[in-house]
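Student: Below is one structure. I have some questions about it.
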Number of protein chains: 2
Amino acid sequence: MDTSFTEENYLKAIYHLSADESKQVNTNQIATVLNTKAASVTDMLKKLSGKNLINYERYQGVELTGLGKTIALKIIRKHRLWEYFLVEKLAFGWDEVHDLAEQLEHIQSTELTDRLDEFLGFPKYDPHGDPIPDQSGTIKCAEMKSIAVLKAGNAGIISGIKEHSSSFLQYLEKMDLKIGKKIAVEEIIPFDETVVLRTENGEKINVSKAAAKYILIQDEQL
Amino acid sequence: MDTSFTEENYLKAIYHLSADESKQVNTNQIATVLNTKAASVTDMLKKLSGKNLINYERYQGVELTGLGKTIALKIIRKHRLWEYFLVEKLAFGWDEVHDLAEQLEHIQSTELTDRLDEFLGFPKYDPHGDPIPDQSGTIKCAEMKSIAVLKAGNAGIISGIKEHSSSFLQYLEKMDLKIGKKIAVEEIIPFDETVVLRTENGEKINVSKAAAKYILIQDEQL
DNA sequence: TGTTATTTTTAGACTAATCTAAATTAAATA
DNA sequence: TATTTAATTTAGATTAGTCTAAAAATAACA
Ligand SMILES: [Mn+2]
Ligand SMILES: [Mn+2]
Ligand SMILES: [Mn+2]
Ligand SMILES: [Mn+2]
């Protein structure tokens, strides 16, 4: 029961696509996120199906089996632990670590993963606020909402993002909108729905509707 | 100018073989250390030659070009830095880290390598006493000799080993023969050439001729 | 030096992962 | 419902890396 680098990437892609949309995942969606062609995806789906990692019927889309989900979560665990390591120990910026983690997530050794986890102090969230699955593959999924749905007066702690492109990460960096920061919505300007945020130290930050959609907050600290 | 996982392993193997024997490396030697067949090696030699990473003429063996050596040293640098990380930061045993480093050495990013180096405090030697090439690929090659060639009364510091199998590493572990330990040769028993070592704290350790061959010492600390 | 043994290379085939182009199935819509 | 459009699958080819078996070159040695 060995999974190749490539198979792992497919499982991870299917996991993320089905988490976002919580339904059957289509061939073309997978092709898009993996930067490959639909024909290649079909070939791989047959292979993964043969290994009982996905449920697949021609033309009907796919979903992960229990085994497939377990493997996907192991990859995601490694990805996020390595991202945490790179930011916290090697002083990389949060916009610089994803591509490296894409490589490191394929290192095969649960022993290494678990020791890294311990070395890092069992972090719950990666640098982008995404939850890190524990040894058993369990994810602590905090209740989060986009600041685009908030009303004036609402408050919370920035806890996650829905967009991981480095241009967006750099935007947040520039705006000083960091994970863990406490913010309150002061007003929403009607004209273009700009969200005006107020931070704990009185700073005012204007966020466009487009950006607000991708910023997630949590009500209270756990 | 991109080198694949496989190409990197060939370059590394050729480097190590030519360091040991300091001459042309043969097809069969490479096949042996890489656990592959001579025919596969020939194919790869042609490919590496086409990329100017080795000098190769049919039936005459190979040697690395300057470029090939540079790449090999980068892989070795990464291998040894990761081994150091695994032992010093994640508390792995020195007999457990080689296979993991075989995977980690192929992670592509000089930025990561250099930051890891810094994080570790720019170590000069890996857990097995092998020198870690610096950023420019320079190796500090200390003068070492096998304790099998010593006479009674000679002394030095255990600084390296010539055999990296985990069974040998575990043997040294059991004998409490660690890198950095100061030892003196008390006597060499004529019958079977057993080397009797005396450590700084008065401990006596008997080492067989077979094992003595693989243990390297240095005269003085630098 | 001629013959045998060893090493190395070639020839041809295989697998994993990919692609393009064509065929098929399903979905959308007139 | 019939027709058009979009999504998906198949067919056939390609590339990297590997293999076995056979041929060719070199080395060993009688
Ligand atoms: Mn990431
Ligand atoms: Mn992340
Ligand atoms: Mn090693
Ligand atoms: Mn080592």
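Ordered as shown in the structure tokens, chains take letters A, B, and onward, while each chain numbers its residues from 1 and ligands are numbered from 1 in the order shown.
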When the cut-off is 6 Å and you count only C-alpha atoms (C1' of nucleotides) and all ligand atoms, which residues lie near ligand 2, shown as a list in words?
Tutor: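 Residues satisfying the distance criterion: Arg80, Asp126, Pro127, His128 and Asp130 of chain A.
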Student: Could the residues of chain D that have an atom at most 10 Å from chain A be listed as CSV, each with its closest atom pair and the distance in Å to one decimal, counting only C-alpha atoms (C1' of nucleotides) and ordered by chain and ascending residue number?
Tutor:
residue,atom,partner,partner_atom,distance
D:DA7,C1',A:Asn28,CA,7.6
D:DT8,C1',A:Tyr59,CA,5.9
D:DT9,C1',A:Thr42,CA,7.2
D:DT10,C1',A:Ala39,CA,8.9
Student: Include N, CA and C atoms (P, O5', C5', C4', C3', O3' and C1' of nucleotides) and write out the residues we just selected as a PDB file, in the first residue's frame.
Tutor:
ATOM      1  P    DA D   7     -17.634  22.519 -19.194  1.00  0.00           P
ATOM      2  O5'  DA D   7     -17.657  20.951 -18.908  1.00  0.00           O
ATOM      3  C5'  DA D   7     -18.803  20.375 -18.294  1.00  0.00           C
ATOM      4  C4'  DA D   7     -18.604  18.876 -18.186  1.00  0.00           C
ATOM      5  C3'  DA D   7     -17.257  18.450 -17.617  1.00  0.00           C
ATOM      6  O3'  DA D   7     -17.527  17.492 -16.611  1.00  0.00           O
ATOM      7  C1'  DA D   7     -17.604  17.407 -19.728  1.00  0.00           C
ATOM      8  P    DT D   8     -16.381  16.756 -15.778  1.00  0.00           P
ATOM      9  O5'  DT D   8     -16.083  15.461 -16.644  1.00  0.00           O
ATOM     10  C5'  DT D   8     -17.124  14.497 -16.824  1.00  0.00           C
ATOM     11  C4'  DT D   8     -16.641  13.407 -17.746  1.00  0.00           C
ATOM     12  C3'  DT D   8     -15.320  12.764 -17.345  1.00  0.00           C
ATOM     13  O3'  DT D   8     -15.623  11.457 -16.897  1.00  0.00           O
ATOM     14  C1'  DT D   8     -15.473  13.124 -19.700  1.00  0.00           C
ATOM     15  P    DT D   9     -14.496  10.438 -16.433  1.00  0.00           P
ATOM     16  O5'  DT D   9     -14.218   9.640 -17.790  1.00  0.00           O
ATOM     17  C5'  DT D   9     -15.310   8.985 -18.436  1.00  0.00           C
ATOM     18  C4'  DT D   9     -14.862   8.462 -19.789  1.00  0.00           C
ATOM     19  C3'  DT D   9     -13.670   7.518 -19.731  1.00  0.00           C
ATOM     20  O3'  DT D   9     -14.068   6.284 -20.310  1.00  0.00           O
ATOM     21  C1'  DT D   9     -13.388   9.144 -21.446  1.00  0.00           C
ATOM     22  P    DT D  10     -13.119   5.051 -20.407  1.00  0.00           P
ATOM     23  O5'  DT D  10     -12.514   5.227 -21.868  1.00  0.00           O
ATOM     24  C5'  DT D  10     -13.209   4.658 -22.960  1.00  0.00           C
ATOM     25  C4'  DT D  10     -12.467   4.974 -24.233  1.00  0.00           C
ATOM     26  C3'  DT D  10     -11.221   4.119 -24.476  1.00  0.00           C
ATOM     27  O3'  DT D  10     -11.384   3.512 -25.737  1.00  0.00           O
ATOM     28  C1'  DT D  10     -10.755   6.401 -24.845  1.00  0.00           C
TER      29       DT D  10
END
Student: With a distance threshold of 8 Å and counting only C-alpha atoms (C1' of nucleotides), extract the residues of chain C near chain A and express them as a ChimeraX atom specification.
Tutor: /C:17-19,25-26
Student: Go through chain A and flag each residue having an atom no more than 7 Å from chain B; for those, report the closest pair of atoms plus their distance in Å to one decimal, using only C-alpha atoms, ordered by chain and rising number, as CSV.
Tutor:
residue,atom,partner,partner_atom,distance
A:Leu90,CA,B:Arg115,CA,6.0
A:Gln103,CA,B:Ile107,CA,6.4
A:Ile107,CA,B:Gln103,CA,6.4
A:Arg115,CA,B:Leu90,CA,6.0
A:Leu116,CA,B:Leu90,CA,6.6
A:Phe119,CA,B:Leu90,CA,6.4
Student: Please identify all protein, DNA and RNA residues within 12 Å of ligand 4, counting only C-alpha atoms (C1' of nucleotides) and all ligand atoms, and report them as a ChimeraX atom specification.
Tutor: /B:76-87,93-102,105,124-132,160-166,169,179
Student: Next, write the just-selected residues to a file, as a compact mmCIF listing (two decimals), in the first residue's frame, keeping C-alpha atoms as the atom set.
Tutor:
# COMPACT_ATOMS: atom_id res chain seq x y z
CA ILE B 76 25.73 16.11 0.35
CA ARG B 77 25.50 19.45 2.16
CA LYS B 78 21.75 19.05 2.44
CA HIS B 79 22.03 15.40 3.47
CA ARG B 80 24.40 16.15 6.33
CA LEU B 81 22.60 19.27 7.52
CA TRP B 82 19.32 17.34 7.71
CA GLU B 83 21.05 14.51 9.58
CA TYR B 84 22.37 17.03 12.06
CA PHE B 85 18.90 18.54 12.43
CA LEU B 86 17.28 15.15 13.01
CA VAL B 87 19.78 14.17 15.69
CA GLY B 93 19.57 8.25 17.01
CA TRP B 94 22.53 8.57 14.66
CA ASP B 95 21.71 5.15 13.25
CA GLU B 96 18.16 6.24 12.32
CA VAL B 97 18.73 9.34 10.25
CA HIS B 98 20.38 8.25 7.03
CA ASP B 99 17.28 7.02 5.19
CA LEU B 100 15.35 10.13 6.14
CA ALA B 101 18.20 12.32 4.93
CA GLU B 102 18.15 10.40 1.64
CA GLU B 105 18.47 15.91 0.53
CA LYS B 124 31.03 21.66 10.69
CA TYR B 125 30.38 17.95 11.02
CA ASP B 126 27.34 15.71 10.75
CA PRO B 127 26.41 13.15 13.44
CA HIS B 128 28.76 10.59 11.88
CA GLY B 129 31.73 12.95 11.86
CA ASP B 130 31.50 13.65 8.13
CA PRO B 131 32.30 17.24 7.15
CA ILE B 132 29.41 19.46 6.01
CA GLY B 160 34.74 9.79 11.99
CA ILE B 161 33.81 6.38 10.65
CA LYS B 162 34.43 4.56 7.41
CA GLU B 163 31.35 2.35 7.55
CA HIS B 164 27.82 3.74 7.82
CA SER B 165 25.67 0.62 8.16
CA SER B 166 23.21 0.88 11.01
CA LEU B 169 26.48 2.43 14.25
CA ILE B 179 32.21 11.02 18.00
